[in-house]
Amino acid sequence: MGRVAEKVALVTGGALGIGRATAELLAREGAKVVVTDVKQKEGEEVVARIKAQGGEAIFVQHDASSEDQWKAAIDASFKAFGKLNIVVNNAGIALGKTVEDTTLAEWRKVQEINLDGVFLGTKYGIEALRKSGGGSIVNLSSIEGLVGDPGLAAYNASKGGVRIFTKSAALHCAQAGYGIRINSVHPGYIWTPMVEGLAESEQTEKYQRLVSLHPIGHLGEADDIAYGILYLASDESKFMTGSELVIDGGYTAQ
Ligand code: NAP
C-alpha cells in the first residue's frame with residue numbers, strides 16, 4: 001500500500017518543476033492524480049509517464065487564477081475519480097524586480113497567480129474536500145515568504161501572503177471540525193525551469209551566488225520538495241495544520 005493510497009490529489013502547475021515531481025511521486029505512492037497546468041503538452045506528458053508506471057491520472061488545462069476554471073477542474077476530478085482528498089496549490093510565477101522597478105501591472109500579475117490562485121484553490125478545495133470526507137491542502141509559499149529579498153518585491157509579498165493566509169484557513173477548518181488540514185511549504189532555491197530562468201545555467205556567476213546562499217552547499221531538487229508535500233498530503237502528518245514546512249538547505253537558519 002502506498003502512503004496516499006485510495007486518495008485523489010489535484011496538483012496545480014503540475015506540468016513542470018516541483019508540481020511535476022509532486023504529481024509523479026503522489027501517483028507512485030498510490031494516489032489518483034489530477035494534473036493541472038496552463039501548459040497542455042507538458043501536462044499531458046506527465047499524465048502519460050504516470051500511466052506508463054501503472055498509475056492513474058488525468059490532465060486538465062487550468063489557469064489557477066481563474067475562478068471558473070477552478071470549478072471546472074474540481075468537477076473533472078469528481079467526474080473521473082468520484083472525489084478529491086488532496087489539493088496542492090503549486091502554480092506560481094517569479095518576478096526578479098525591486099519595489100522601484102516593479103510596475104503596478106507586474107505587481108498585480110504576481111498577486112493574481114501566486115496569491116489569488118492559492119486563495120481560490122483553498123476556497124474551492126475546502127468545498128470539494130468537505131464533500132469527500134476531509135483531507136489535506138498544501139500551499140506553496142517559499143523562503144521568500146519568510147525573509148525579504150530586495151530584488152523580489154512582488155514575489156515576497158505574494159509568498160508572505162500565502163504563509164499567513166494558510167494559517168487563517170487552517171484555523172477556520174479546524175474550528176469548523178471539517179477534518180481538513182492546511183499547511184504551507186517553504187522551499188529554498190530548487191533547480192526547476194523557474195530558477196533556470198533566473199540563473200540561466202549551472203556555469204553562471206548568478207548560479208554560484210544562489211548556491212552560496214544555501215549552507216548545505218548546493219541547490220535543491222524538485223523531489224526534495226515533493227517528499228515534503230507527500231508527507232503533508234498523507235495521514236502521517238495528521239497532527240499538523242497551520243504549519244510551515246521549511247525545506248531550504250539551511251537558507252533561513254542563518
Ligand atoms: P516552474 O518550474 O515555473 O513550474 C511552474 C508551472 O506552473 C509551469 O508549468 C507554469 O507554466 C505553471 N503555471 C504558471 N502560472 C500558472 C497558472 N496561472 N495556472 C496554472 N499553471 C501555471 O515553477 P517551480 O519552480 O516548479 O515552482 C513551483 C512553485 O514553488 C511556485 O509556486 C514557486 O513560487 C514555488 N517555489 C519555487 C522555488 C524554486 O526555487 N523553484 C522556491 C520556492 C518556492 P508557465 O511556465 O507557462 O508559466
# chains A, B, ... in the order shown; residues from 1 in each chain; ligands from 1
$ residues_near_ligand --ligand "ligand 1" --cutoff "7 Å" --atoms "only C-alpha atoms and all ligand atoms" --output "ChimeraX atom specification"
/A:12-19,36-39,62-65,90-94,113-114,140-143,186-195
$ select_by_dssp --residues "segment 81-248 of chain A" --states "strand (DSSP E or B)" --output "VMD selection string"
chain A and resid 86 to 89 135 to 140 180 to 187 190 220 244 to 247
$ write_last_selection --atoms "N, CA and C atoms" --output "PDB file, in the first residue's frame"
ATOM      1  N   ILE A  86      -6.885  15.689  -1.743  1.00  0.00           N
ATOM      2  CA  ILE A  86      -5.634  16.446  -1.584  1.00  0.00           C
ATOM      3  C   ILE A  86      -5.600  17.541  -2.653  1.00  0.00           C
ATOM      4  N   VAL A  87      -5.322  18.778  -2.250  1.00  0.00           N
ATOM      5  CA  VAL A  87      -5.085  19.841  -3.231  1.00  0.00           C
ATOM      6  C   VAL A  87      -3.695  20.428  -2.961  1.00  0.00           C
ATOM      7  N   VAL A  88      -2.859  20.455  -3.989  1.00  0.00           N
ATOM      8  CA  VAL A  88      -1.532  21.078  -3.872  1.00  0.00           C
ATOM      9  C   VAL A  88      -1.555  22.345  -4.719  1.00  0.00           C
ATOM     10  N   ASN A  89      -1.611  23.491  -4.035  1.00  0.00           N
ATOM     11  CA  ASN A  89      -1.641  24.794  -4.722  1.00  0.00           C
ATOM     12  C   ASN A  89      -0.206  25.206  -5.006  1.00  0.00           C
ATOM     13  N   GLY A 135      -9.524  15.941   4.272  1.00  0.00           N
ATOM     14  CA  GLY A 135      -8.279  15.787   3.515  1.00  0.00           C
ATOM     15  C   GLY A 135      -7.259  16.850   3.849  1.00  0.00           C
ATOM     16  N   SER A 136      -6.364  17.082   2.896  1.00  0.00           N
ATOM     17  CA  SER A 136      -5.213  17.959   3.142  1.00  0.00           C
ATOM     18  C   SER A 136      -5.001  18.925   1.980  1.00  0.00           C
ATOM     19  N   ILE A 137      -4.747  20.191   2.321  1.00  0.00           N
ATOM     20  CA  ILE A 137      -4.405  21.200   1.313  1.00  0.00           C
ATOM     21  C   ILE A 137      -2.981  21.676   1.609  1.00  0.00           C
ATOM     22  N   VAL A 138      -2.153  21.715   0.570  1.00  0.00           N
ATOM     23  CA  VAL A 138      -0.754  22.128   0.728  1.00  0.00           C
ATOM     24  C   VAL A 138      -0.518  23.337  -0.173  1.00  0.00           C
ATOM     25  N   ASN A 139      -0.106  24.440   0.440  1.00  0.00           N
ATOM     26  CA  ASN A 139       0.102  25.681  -0.316  1.00  0.00           C
ATOM     27  C   ASN A 139       1.593  25.981  -0.441  1.00  0.00           C
ATOM     28  N   LEU A 140       2.050  26.222  -1.684  1.00  0.00           N
ATOM     29  CA  LEU A 140       3.459  26.529  -1.911  1.00  0.00           C
ATOM     30  C   LEU A 140       3.713  27.994  -1.627  1.00  0.00           C
ATOM     31  N   ILE A 180     -10.138  18.855   7.732  1.00  0.00           N
ATOM     32  CA  ILE A 180      -9.287  19.347   6.637  1.00  0.00           C
ATOM     33  C   ILE A 180      -8.098  20.086   7.254  1.00  0.00           C
ATOM     34  N   ARG A 181      -6.891  19.650   6.883  1.00  0.00           N
ATOM     35  CA  ARG A 181      -5.661  20.299   7.360  1.00  0.00           C
ATOM     36  C   ARG A 181      -5.069  21.131   6.220  1.00  0.00           C
ATOM     37  N   ILE A 182      -4.477  22.280   6.573  1.00  0.00           N
ATOM     38  CA  ILE A 182      -3.885  23.154   5.540  1.00  0.00           C
ATOM     39  C   ILE A 182      -2.525  23.639   6.055  1.00  0.00           C
ATOM     40  N   ASN A 183      -1.493  23.395   5.266  1.00  0.00           N
ATOM     41  CA  ASN A 183      -0.136  23.772   5.665  1.00  0.00           C
ATOM     42  C   ASN A 183       0.578  24.438   4.493  1.00  0.00           C
ATOM     43  N   SER A 184       1.641  25.188   4.818  1.00  0.00           N
ATOM     44  CA  SER A 184       2.442  25.807   3.750  1.00  0.00           C
ATOM     45  C   SER A 184       3.829  25.166   3.701  1.00  0.00           C
ATOM     46  N   VAL A 185       4.413  25.188   2.492  1.00  0.00           N
ATOM     47  CA  VAL A 185       5.752  24.654   2.255  1.00  0.00           C
ATOM     48  C   VAL A 185       6.645  25.803   1.797  1.00  0.00           C
ATOM     49  N   HIS A 186       7.885  25.811   2.300  1.00  0.00           N
ATOM     50  CA  HIS A 186       8.795  26.941   2.057  1.00  0.00           C
ATOM     51  C   HIS A 186      10.125  26.441   1.492  1.00  0.00           C
ATOM     52  N   PRO A 187      10.187  26.247   0.175  1.00  0.00           N
ATOM     53  CA  PRO A 187      11.439  25.767  -0.418  1.00  0.00           C
ATOM     54  C   PRO A 187      12.490  26.871  -0.504  1.00  0.00           C
ATOM     55  N   ILE A 190      15.333  25.821  -5.799  1.00  0.00           N
ATOM     56  CA  ILE A 190      15.234  24.477  -6.352  1.00  0.00           C
ATOM     57  C   ILE A 190      15.502  24.580  -7.853  1.00  0.00           C
ATOM     58  N   GLY A 220      18.481  22.849  -4.267  1.00  0.00           N
ATOM     59  CA  GLY A 220      17.638  21.661  -4.075  1.00  0.00           C
ATOM     60  C   GLY A 220      17.147  21.093  -5.396  1.00  0.00           C
ATOM     61  N   GLU A 244       4.335  25.529   8.954  1.00  0.00           N
ATOM     62  CA  GLU A 244       5.234  25.893   7.853  1.00  0.00           C
ATOM     63  C   GLU A 244       6.316  24.828   7.751  1.00  0.00           C
ATOM     64  N   LEU A 245       6.383  24.146   6.636  1.00  0.00           N
ATOM     65  CA  LEU A 245       7.441  23.151   6.424  1.00  0.00           C
ATOM     66  C   LEU A 245       8.527  23.804   5.578  1.00  0.00           C
ATOM     67  N   VAL A 246       9.680  24.078   6.212  1.00  0.00           N
ATOM     68  CA  VAL A 246      10.794  24.754   5.538  1.00  0.00           C
ATOM     69  C   VAL A 246      11.768  23.700   5.022  1.00  0.00           C
ATOM     70  N   ILE A 247      12.035  23.726   3.714  1.00  0.00           N
ATOM     71  CA  ILE A 247      12.964  22.754   3.099  1.00  0.00           C
ATOM     72  C   ILE A 247      13.931  23.598   2.266  1.00  0.00           C
TER      73      ILE A 247
END
$ residues_around --residues "Glu44 of chain A" --least-positions-apart "3" --cutoff "9 Å" --atoms "only C-alpha atoms" --output "short mmCIF file (atom, residue, chain, number, x, y, z; two decimals) with C-alpha atoms, in the first residue's frame"
data_model
loop_
_atom_site.label_atom_id
_atom_site.label_comp_id
_atom_site.auth_asym_id
_atom_site.auth_seq_id
_atom_site.Cartn_x
_atom_site.Cartn_y
_atom_site.Cartn_z
CA ALA A 15 3.43 20.11 -15.88
CA VAL A 35 -2.55 17.20 -13.12
CA LYS A 39 0.88 24.12 -20.35
CA GLN A 40 -1.11 21.38 -22.13
CA LYS A 41 1.62 19.41 -23.94
CA VAL A 47 -0.02 12.02 -17.25
CA ALA A 48 1.47 9.65 -19.85
CA ARG A 49 4.52 9.00 -17.61
CA ILE A 58 -5.89 12.92 -15.96
CA PHE A 59 -4.78 16.29 -17.31
CA VAL A 60 -6.96 19.41 -17.06
#
$ closest_residue --among "A:Arg20, A:Gly134, A:Tyr155, A:Gly82" --to "Ser234 of chain A" --atoms "only C-alpha atoms"
A:Gly134
$ closest_residue --among "A:Gly148, A:Gly96, A:Ala226, A:Thr122" --to "Arg28 of chain A" --atoms "only C-alpha atoms"
A:Ala226
$ atom_distance --atom1 "atom CA of Gly161 of chain A" --atom2 "atom CA of Gly145 of chain A"
7.4 Å
$ atom_distance --atom1 "atom CA of Gly133 of chain A" --atom2 "atom CA of Ser77 of chain A"
14.9 Å
$ residues_around --residues "His218 of chain A" --least-positions-apart "4" --cutoff "12 Å" --atoms "only C-alpha atoms" --output "list in words"
Gly188, Tyr189, Ile190, Trp191, Glu202, Tyr207, Gln208, Arg209, Leu210, Val211, Ser212, Leu213, His214, Asp248, Gly249, Gly250 and Tyr251 of chain A
$ write_last_selection --atoms "all heavy atoms" --output "compact mmCIF listing (two decimals), in the first residue's frame"
# COMPACT_ATOMS: atom_id res chain seq x y z
N GLY A 188 13.77 26.46 -0.38
CA GLY A 188 14.88 27.29 -0.83
C GLY A 188 14.93 27.23 -2.35
O GLY A 188 13.95 26.83 -3.00
N TYR A 189 16.07 27.64 -2.94
CA TYR A 189 16.16 27.61 -4.41
C TYR A 189 16.25 26.17 -4.91
O TYR A 189 17.12 25.41 -4.48
CB TYR A 189 17.36 28.42 -4.90
CG TYR A 189 17.09 29.91 -4.92
CD1 TYR A 189 17.27 30.69 -3.78
CD2 TYR A 189 16.63 30.52 -6.08
CE1 TYR A 189 17.00 32.05 -3.80
CE2 TYR A 189 16.36 31.88 -6.11
CZ TYR A 189 16.54 32.64 -4.97
OH TYR A 189 16.28 33.99 -4.99
N ILE A 190 15.33 25.82 -5.80
CA ILE A 190 15.23 24.48 -6.35
C ILE A 190 15.50 24.58 -7.85
O ILE A 190 14.95 25.48 -8.53
CB ILE A 190 13.81 23.89 -6.11
CG1 ILE A 190 13.40 24.03 -4.63
CG2 ILE A 190 13.74 22.45 -6.59
CD1 ILE A 190 14.27 23.32 -3.63
N TRP A 191 16.29 23.65 -8.39
CA TRP A 191 16.68 23.73 -9.81
C TRP A 191 15.52 23.25 -10.68
O TRP A 191 15.39 22.08 -11.01
CB TRP A 191 17.95 22.91 -10.05
CG TRP A 191 18.60 23.18 -11.36
CD1 TRP A 191 18.86 22.27 -12.34
CD2 TRP A 191 19.09 24.44 -11.85
NE1 TRP A 191 19.47 22.89 -13.41
CE2 TRP A 191 19.63 24.22 -13.13
CE3 TRP A 191 19.12 25.74 -11.33
CZ2 TRP A 191 20.18 25.24 -13.89
CZ3 TRP A 191 19.67 26.75 -12.09
CH2 TRP A 191 20.19 26.50 -13.37
N GLU A 202 24.20 26.30 -15.01
CA GLU A 202 24.96 25.99 -13.79
C GLU A 202 26.37 26.59 -13.86
O GLU A 202 27.13 26.48 -12.91
CB GLU A 202 25.02 24.48 -13.59
CG GLU A 202 23.63 23.92 -13.31
CD GLU A 202 23.60 22.42 -13.08
OE1 GLU A 202 24.49 21.91 -12.38
OE2 GLU A 202 22.69 21.77 -13.62
N TYR A 207 24.29 31.60 -10.75
CA TYR A 207 24.06 30.27 -10.18
C TYR A 207 24.92 30.08 -8.93
O TYR A 207 24.43 29.66 -7.87
CB TYR A 207 24.37 29.19 -11.22
CG TYR A 207 24.17 27.78 -10.72
CD1 TYR A 207 22.91 27.17 -10.78
CD2 TYR A 207 25.22 27.04 -10.19
CE1 TYR A 207 22.71 25.88 -10.32
CE2 TYR A 207 25.02 25.75 -9.72
CZ TYR A 207 23.77 25.18 -9.79
OH TYR A 207 23.58 23.89 -9.32
N GLN A 208 26.21 30.43 -9.03
CA GLN A 208 27.12 30.27 -7.89
C GLN A 208 26.69 31.15 -6.72
O GLN A 208 26.81 30.76 -5.56
CB GLN A 208 28.57 30.61 -8.30
CG GLN A 208 29.21 29.53 -9.18
CD GLN A 208 29.05 28.10 -8.63
OE1 GLN A 208 29.06 27.87 -7.42
NE2 GLN A 208 28.85 27.14 -9.52
N ARG A 209 26.15 32.34 -7.02
CA ARG A 209 25.66 33.21 -5.95
C ARG A 209 24.48 32.57 -5.23
O ARG A 209 24.39 32.58 -4.01
CB ARG A 209 25.24 34.58 -6.51
CG ARG A 209 25.09 35.66 -5.45
CD ARG A 209 24.51 36.95 -6.01
NE ARG A 209 23.14 36.80 -6.48
CZ ARG A 209 22.06 36.78 -5.69
NH1 ARG A 209 22.20 36.91 -4.39
NH2 ARG A 209 20.85 36.64 -6.19
N LEU A 210 23.59 31.94 -6.02
CA LEU A 210 22.44 31.25 -5.41
C LEU A 210 22.92 30.09 -4.53
O LEU A 210 22.46 29.92 -3.41
CB LEU A 210 21.48 30.72 -6.49
CG LEU A 210 20.70 31.76 -7.29
CD1 LEU A 210 19.74 31.07 -8.26
CD2 LEU A 210 19.91 32.69 -6.36
N VAL A 211 23.89 29.32 -5.04
CA VAL A 211 24.43 28.19 -4.26
C VAL A 211 24.98 28.71 -2.93
O VAL A 211 24.74 28.12 -1.87
CB VAL A 211 25.52 27.44 -5.05
CG1 VAL A 211 26.28 26.47 -4.15
CG2 VAL A 211 24.90 26.69 -6.24
N SER A 212 25.70 29.84 -2.98
CA SER A 212 26.38 30.36 -1.78
C SER A 212 25.38 30.77 -0.68
O SER A 212 25.76 30.91 0.48
CB SER A 212 27.27 31.54 -2.14
OG SER A 212 26.47 32.67 -2.41
N LEU A 213 24.12 30.97 -1.04
CA LEU A 213 23.10 31.34 -0.05
C LEU A 213 22.61 30.14 0.76
O LEU A 213 21.90 30.31 1.75
CB LEU A 213 21.89 31.98 -0.77
CG LEU A 213 22.16 33.28 -1.53
CD1 LEU A 213 20.96 33.68 -2.38
CD2 LEU A 213 22.50 34.40 -0.54
N HIS A 214 22.98 28.92 0.31
CA HIS A 214 22.49 27.70 0.97
C HIS A 214 23.64 27.01 1.71
O HIS A 214 24.52 26.43 1.06
CB HIS A 214 21.88 26.74 -0.08
CG HIS A 214 20.71 27.34 -0.81
ND1 HIS A 214 20.86 28.28 -1.81
CD2 HIS A 214 19.38 27.15 -0.67
CE1 HIS A 214 19.66 28.64 -2.24
NE2 HIS A 214 18.74 27.97 -1.57
N ASP A 248 15.03 24.05 2.89
CA ASP A 248 15.79 25.12 2.24
C ASP A 248 17.31 25.01 2.37
O ASP A 248 18.01 26.03 2.19
CB ASP A 248 15.31 26.48 2.78
CG ASP A 248 15.72 26.72 4.23
OD1 ASP A 248 16.20 25.78 4.88
OD2 ASP A 248 15.55 27.86 4.71
N GLY A 249 17.84 23.84 2.69
CA GLY A 249 19.29 23.68 2.77
C GLY A 249 19.94 24.65 3.76
O GLY A 249 21.12 24.97 3.62
N GLY A 250 19.17 25.10 4.74
CA GLY A 250 19.72 25.99 5.78
C GLY A 250 19.64 27.47 5.46
O GLY A 250 20.09 28.31 6.26
N TYR A 251 19.03 27.83 4.32
CA TYR A 251 18.96 29.24 3.88
C TYR A 251 18.46 30.16 5.00
O TYR A 251 19.06 31.20 5.26
CB TYR A 251 18.03 29.33 2.66
CG TYR A 251 17.98 30.66 1.94
CD1 TYR A 251 18.49 30.79 0.65
CD2 TYR A 251 17.40 31.79 2.51
CE1 TYR A 251 18.42 32.00 -0.04
CE2 TYR A 251 17.33 32.99 1.84
CZ TYR A 251 17.83 33.10 0.57
OH TYR A 251 17.78 34.29 -0.11
$ closest_residue --among "A:Asn85, A:Val11, A:Ala105, A:Lys97" --to "Gln61 of chain A" --atoms "only C-alpha atoms"
A:Val11
$ decode --residues "segment 27-69 of chain A" --atoms "N, CA and C atoms" --output "mmCIF file, in the first residue's frame"
data_model
loop_
_atom_site.group_PDB
_atom_site.id
_atom_site.type_symbol
_atom_site.label_atom_id
_atom_site.label_comp_id
_atom_site.auth_asym_id
_atom_site.auth_seq_id
_atom_site.Cartn_x
_atom_site.Cartn_y
_atom_site.Cartn_z
ATOM 1 N N ALA A 27 1.476 9.841 -7.320
ATOM 2 C CA ALA A 27 0.969 8.695 -8.097
ATOM 3 C C ALA A 27 1.733 7.419 -7.741
ATOM 4 N N ARG A 28 3.067 7.524 -7.604
ATOM 5 C CA ARG A 28 3.863 6.344 -7.215
ATOM 6 C C ARG A 28 3.433 5.834 -5.845
ATOM 7 N N GLU A 29 2.958 6.748 -4.974
ATOM 8 C CA GLU A 29 2.526 6.359 -3.630
ATOM 9 C C GLU A 29 1.031 6.057 -3.575
ATOM 10 N N GLY A 30 0.415 5.844 -4.718
ATOM 11 C CA GLY A 30 -0.928 5.275 -4.747
ATOM 12 C C GLY A 30 -2.076 6.220 -5.010
ATOM 13 N N ALA A 31 -1.819 7.536 -5.107
ATOM 14 C CA ALA A 31 -2.932 8.475 -5.349
ATOM 15 C C ALA A 31 -3.318 8.478 -6.830
ATOM 16 N N LYS A 32 -4.592 8.747 -7.087
ATOM 17 C CA LYS A 32 -5.042 9.091 -8.434
ATOM 18 C C LYS A 32 -4.846 10.600 -8.550
ATOM 19 N N VAL A 33 -4.276 11.050 -9.674
ATOM 20 C CA VAL A 33 -3.827 12.450 -9.723
ATOM 21 C C VAL A 33 -4.499 13.228 -10.855
ATOM 22 N N VAL A 34 -5.003 14.408 -10.509
ATOM 23 C CA VAL A 34 -5.470 15.377 -11.491
ATOM 24 C C VAL A 34 -4.332 16.384 -11.670
ATOM 25 N N VAL A 35 -3.668 16.306 -12.820
ATOM 26 C CA VAL A 35 -2.553 17.204 -13.120
ATOM 27 C C VAL A 35 -3.152 18.415 -13.832
ATOM 28 N N THR A 36 -2.958 19.622 -13.273
ATOM 29 C CA THR A 36 -3.486 20.802 -13.962
ATOM 30 C C THR A 36 -2.354 21.784 -14.225
ATOM 31 N N ASP A 37 -2.462 22.503 -15.320
ATOM 32 C CA ASP A 37 -1.432 23.493 -15.688
ATOM 33 C C ASP A 37 -1.967 24.302 -16.876
ATOM 34 N N VAL A 38 -1.350 25.449 -17.120
ATOM 35 C CA VAL A 38 -1.646 26.177 -18.359
ATOM 36 C C VAL A 38 -0.963 25.494 -19.547
ATOM 37 N N LYS A 39 0.106 24.758 -19.290
ATOM 38 C CA LYS A 39 0.881 24.115 -20.351
ATOM 39 C C LYS A 39 0.295 22.734 -20.662
ATOM 40 N N GLN A 40 -0.398 22.623 -21.814
ATOM 41 C CA GLN A 40 -1.113 21.377 -22.131
ATOM 42 C C GLN A 40 -0.165 20.227 -22.490
ATOM 43 N N LYS A 41 0.760 20.497 -23.434
ATOM 44 C CA LYS A 41 1.621 19.414 -23.944
ATOM 45 C C LYS A 41 2.422 18.780 -22.805
ATOM 46 N N GLU A 42 3.086 19.616 -22.010
ATOM 47 C CA GLU A 42 3.925 19.107 -20.919
ATOM 48 C C GLU A 42 3.065 18.418 -19.848
ATOM 49 N N GLY A 43 1.845 18.950 -19.621
ATOM 50 C CA GLY A 43 0.942 18.330 -18.644
ATOM 51 C C GLY A 43 0.501 16.950 -19.092
ATOM 52 N N GLU A 44 0.198 16.832 -20.382
ATOM 53 C CA GLU A 44 -0.212 15.521 -20.897
ATOM 54 C C GLU A 44 0.942 14.522 -20.859
ATOM 55 N N GLU A 45 2.163 15.031 -21.011
ATOM 56 C CA GLU A 45 3.336 14.139 -20.908
ATOM 57 C C GLU A 45 3.488 13.593 -19.482
ATOM 58 N N VAL A 46 3.193 14.422 -18.496
ATOM 59 C CA VAL A 46 3.269 13.956 -17.100
ATOM 60 C C VAL A 46 2.244 12.843 -16.881
ATOM 61 N N VAL A 47 1.036 13.050 -17.382
ATOM 62 C CA VAL A 47 -0.015 12.021 -17.247
ATOM 63 C C VAL A 47 0.422 10.727 -17.944
ATOM 64 N N ALA A 48 1.020 10.853 -19.117
ATOM 65 C CA ALA A 48 1.473 9.653 -19.852
ATOM 66 C C ALA A 48 2.534 8.905 -19.050
ATOM 67 N N ARG A 49 3.472 9.656 -18.419
ATOM 68 C CA ARG A 49 4.518 8.996 -17.615
ATOM 69 C C ARG A 49 3.909 8.277 -16.414
ATOM 70 N N ILE A 50 2.927 8.909 -15.766
ATOM 71 C CA ILE A 50 2.275 8.275 -14.608
ATOM 72 C C ILE A 50 1.580 6.986 -15.046
ATOM 73 N N LYS A 51 0.875 7.052 -16.175
ATOM 74 C CA LYS A 51 0.151 5.859 -16.662
ATOM 75 C C LYS A 51 1.134 4.755 -17.054
ATOM 76 N N ALA A 52 2.265 5.150 -17.657
ATOM 77 C CA ALA A 52 3.267 4.149 -18.076
ATOM 78 C C ALA A 52 3.832 3.405 -16.873
ATOM 79 N N GLN A 53 3.779 4.044 -15.711
ATOM 80 C CA GLN A 53 4.287 3.389 -14.483
ATOM 81 C C GLN A 53 3.165 2.674 -13.727
ATOM 82 N N GLY A 54 1.984 2.586 -14.367
ATOM 83 C CA GLY A 54 0.874 1.843 -13.748
ATOM 84 C C GLY A 54 -0.042 2.691 -12.892
ATOM 85 N N GLY A 55 0.151 4.016 -12.905
ATOM 86 C CA GLY A 55 -0.690 4.890 -12.088
ATOM 87 C C GLY A 55 -1.910 5.382 -12.849
ATOM 88 N N GLU A 56 -2.759 6.150 -12.132
ATOM 89 C CA GLU A 56 -3.968 6.722 -12.751
ATOM 90 C C GLU A 56 -3.884 8.241 -12.664
ATOM 91 N N ALA A 57 -4.138 8.911 -13.797
ATOM 92 C CA ALA A 57 -4.073 10.378 -13.803
ATOM 93 C C ALA A 57 -4.852 10.933 -14.988
ATOM 94 N N ILE A 58 -5.305 12.170 -14.839
ATOM 95 C CA ILE A 58 -5.887 12.918 -15.963
ATOM 96 C C ILE A 58 -5.237 14.293 -16.003
ATOM 97 N N PHE A 59 -5.256 14.918 -17.191
ATOM 98 C CA PHE A 59 -4.780 16.293 -17.305
ATOM 99 C C PHE A 59 -5.962 17.226 -17.520
ATOM 100 N N VAL A 60 -5.956 18.366 -16.834
ATOM 101 C CA VAL A 60 -6.955 19.413 -17.064
ATOM 102 C C VAL A 60 -6.196 20.715 -17.324
ATOM 103 N N GLN A 61 -6.450 21.331 -18.473
ATOM 104 C CA GLN A 61 -5.823 22.631 -18.728
ATOM 105 C C GLN A 61 -6.521 23.664 -17.846
ATOM 106 N N HIS A 62 -5.737 24.388 -17.052
ATOM 107 C CA HIS A 62 -6.332 25.137 -15.942
ATOM 108 C C HIS A 62 -5.420 26.290 -15.557
ATOM 109 N N ASP A 63 -5.955 27.495 -15.670
ATOM 110 C CA ASP A 63 -5.253 28.668 -15.149
ATOM 111 C C ASP A 63 -5.690 28.811 -13.686
ATOM 112 N N ALA A 64 -4.755 28.639 -12.773
ATOM 113 C CA ALA A 64 -5.096 28.598 -11.345
ATOM 114 C C ALA A 64 -5.614 29.934 -10.819
ATOM 115 N N SER A 65 -5.496 31.003 -11.607
ATOM 116 C CA SER A 65 -6.023 32.295 -11.157
ATOM 117 C C SER A 65 -7.449 32.552 -11.661
ATOM 118 N N SER A 66 -8.044 31.564 -12.358
ATOM 119 C CA SER A 66 -9.398 31.732 -12.901
ATOM 120 C C SER A 66 -10.425 30.986 -12.047
ATOM 121 N N GLU A 67 -11.384 31.716 -11.511
ATOM 122 C CA GLU A 67 -12.400 31.097 -10.648
ATOM 123 C C GLU A 67 -13.222 30.057 -11.424
ATOM 124 N N ASP A 68 -13.633 30.388 -12.634
ATOM 125 C CA ASP A 68 -14.429 29.438 -13.433
ATOM 126 C C ASP A 68 -13.649 28.164 -13.712
ATOM 127 N N GLN A 69 -12.361 28.349 -14.021
ATOM 128 C CA GLN A 69 -11.557 27.161 -14.346
ATOM 129 C C GLN A 69 -11.291 26.298 -13.108
#
